[in-house]
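Read the structure below first, then the notes.
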Amino acid sequence: MRKRKRLPIYCYDSIVKQPSLGVITGNLDDRDWILLEAIQADARLSFAELGRRAKLSPPAAAERLRRLEDAGVILGYHARVSHSHFGLPLLVFIEIQVKRTDYTRFQKAVQKLPWILECHHVAGRASFILKVAVPDTQGIELLIGHLGQFGETTTTLALSTIVDHRMFLRDGSS
């Protein structure tokens, strides 16, 4: 008789007995969190300013950031640019069902299309979800027509954006 493998209790407990919804956990200390929260708010802060906030010397602050980068906690530093200022005011989400045999061709095609801001391979009815910015409804029609060669699409027009950028904060607040 084979023994059934039991799920560890912590899986269930960590979901059901979560002390506070949204709290971020990990092996970061207080100074790491101070640095992370500061650079998420303004990635242009100097090492001197970051060190002052975390009560570290500028070289120590720089070393901690480098360590967080090496650990994959910090993935990069980016400017957030308005797509509207480039003549692409409409934000659209497109779900597409792509045959598995066409995945590679689809992925290469979407990487070449500048209107596509994000492309996510997902589980569920769709294979991929695209976040795109287009100039107008004709642009939506043109893009859907192009993507149609890869499979069936479902399109959703964003009327407004409630959360545009989320910072990870130690206490889970925003």
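A note on labels: chains of the structure tokens are A, B, ... as shown, every chain counts residues from 1, and ligands are counted from 1 in their shown order.
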Within 6 Å of region 84-92 of chain A using only C-alpha atoms, minus same-chain residues under 3 positions, as a list in words: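 Listing them by chain and then by number gives Lys131, Val132, Ala133, Val134, Pro135, Thr156, Leu157 and Ala158 of chain A.
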Pick out each residue of region 70-121 of chain A that DSSP on the backbone tags as strand (DSSP E or B); I need them as a PDB file with N, CA and C atoms, in the first residue's frame.
```pdb
ATOM      1  N   LEU A  90      -4.950  55.318 -26.294  1.00  0.00           N
ATOM      2  CA  LEU A  90      -5.847  54.238 -25.902  1.00  0.00           C
ATOM      3  C   LEU A  90      -5.066  53.048 -25.355  1.00  0.00           C
ATOM      4  N   LEU A  91      -5.465  52.610 -24.174  1.00  0.00           N
ATOM      5  CA  LEU A  91      -4.857  51.440 -23.553  1.00  0.00           C
ATOM      6  C   LEU A  91      -5.820  50.273 -23.728  1.00  0.00           C
ATOM      7  N   VAL A  92      -5.317  49.166 -24.258  1.00  0.00           N
ATOM      8  CA  VAL A  92      -6.150  48.025 -24.611  1.00  0.00           C
ATOM      9  C   VAL A  92      -5.487  46.747 -24.113  1.00  0.00           C
ATOM     10  N   PHE A  93      -6.319  45.801 -23.680  1.00  0.00           N
ATOM     11  CA  PHE A  93      -5.829  44.477 -23.303  1.00  0.00           C
ATOM     12  C   PHE A  93      -6.391  43.479 -24.303  1.00  0.00           C
ATOM     13  N   ILE A  94      -5.518  42.653 -24.833  1.00  0.00           N
ATOM     14  CA  ILE A  94      -5.931  41.665 -25.825  1.00  0.00           C
ATOM     15  C   ILE A  94      -5.552  40.282 -25.316  1.00  0.00           C
ATOM     16  N   GLU A  95      -6.558  39.421 -25.208  1.00  0.00           N
ATOM     17  CA  GLU A  95      -6.312  38.017 -24.901  1.00  0.00           C
ATOM     18  C   GLU A  95      -6.275  37.283 -26.228  1.00  0.00           C
ATOM     19  N   ILE A  96      -5.358  36.342 -26.353  1.00  0.00           N
ATOM     20  CA  ILE A  96      -5.270  35.584 -27.596  1.00  0.00           C
ATOM     21  C   ILE A  96      -4.993  34.116 -27.303  1.00  0.00           C
ATOM     22  N   ILE A 116       2.877  47.150 -28.550  1.00  0.00           N
ATOM     23  CA  ILE A 116       2.709  46.169 -27.476  1.00  0.00           C
ATOM     24  C   ILE A 116       3.630  46.541 -26.322  1.00  0.00           C
ATOM     25  N   LEU A 117       3.017  46.895 -25.195  1.00  0.00           N
ATOM     26  CA  LEU A 117       3.768  47.311 -24.016  1.00  0.00           C
ATOM     27  C   LEU A 117       4.188  46.118 -23.167  1.00  0.00           C
ATOM     28  N   GLU A 118       3.324  45.121 -23.088  1.00  0.00           N
ATOM     29  CA  GLU A 118       3.599  43.925 -22.293  1.00  0.00           C
ATOM     30  C   GLU A 118       2.949  42.734 -22.965  1.00  0.00           C
ATOM     31  N   CYS A 119       3.557  41.560 -22.785  1.00  0.00           N
ATOM     32  CA  CYS A 119       2.981  40.314 -23.272  1.00  0.00           C
ATOM     33  C   CYS A 119       3.238  39.257 -22.199  1.00  0.00           C
ATOM     34  N   HIS A 120       2.149  38.637 -21.724  1.00  0.00           N
ATOM     35  CA  HIS A 120       2.259  37.645 -20.657  1.00  0.00           C
ATOM     36  C   HIS A 120       1.695  36.309 -21.133  1.00  0.00           C
ATOM     37  N   HIS A 121       2.471  35.238 -20.965  1.00  0.00           N
ATOM     38  CA  HIS A 121       1.992  33.881 -21.211  1.00  0.00           C
ATOM     39  C   HIS A 121       1.202  33.485 -19.972  1.00  0.00           C
TER      40      HIS A 121
END
```
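Excluding region 48-56 of chain A and any residue on its chain fewer than 3 positions from it, the residues at most 7 Å away by only C-alpha atoms are Arg31, Ile34, Leu35, Leu45, Ala60 and Ala61 of chain A.
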Selection: 10 Å around Asp32 (chain A), only C-alpha atoms, excl. self and same-chain fewer than 3 positions, as a list in words: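 The residues satisfying every condition are Asn27, Leu28, Asp29, Leu35, Leu36, Glu37, Ala38, Ala54, Ala61, Arg64, Leu65, Arg67, Leu68 and Arg170 of chain A.
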Region 77-80 of chain A environment, 10 Å, only C-alpha atoms, sequence neighbours closer than 4 positions dropped, as JSON, numbers by chain: {"A": [39, 40, 42, 43, 44, 165]}
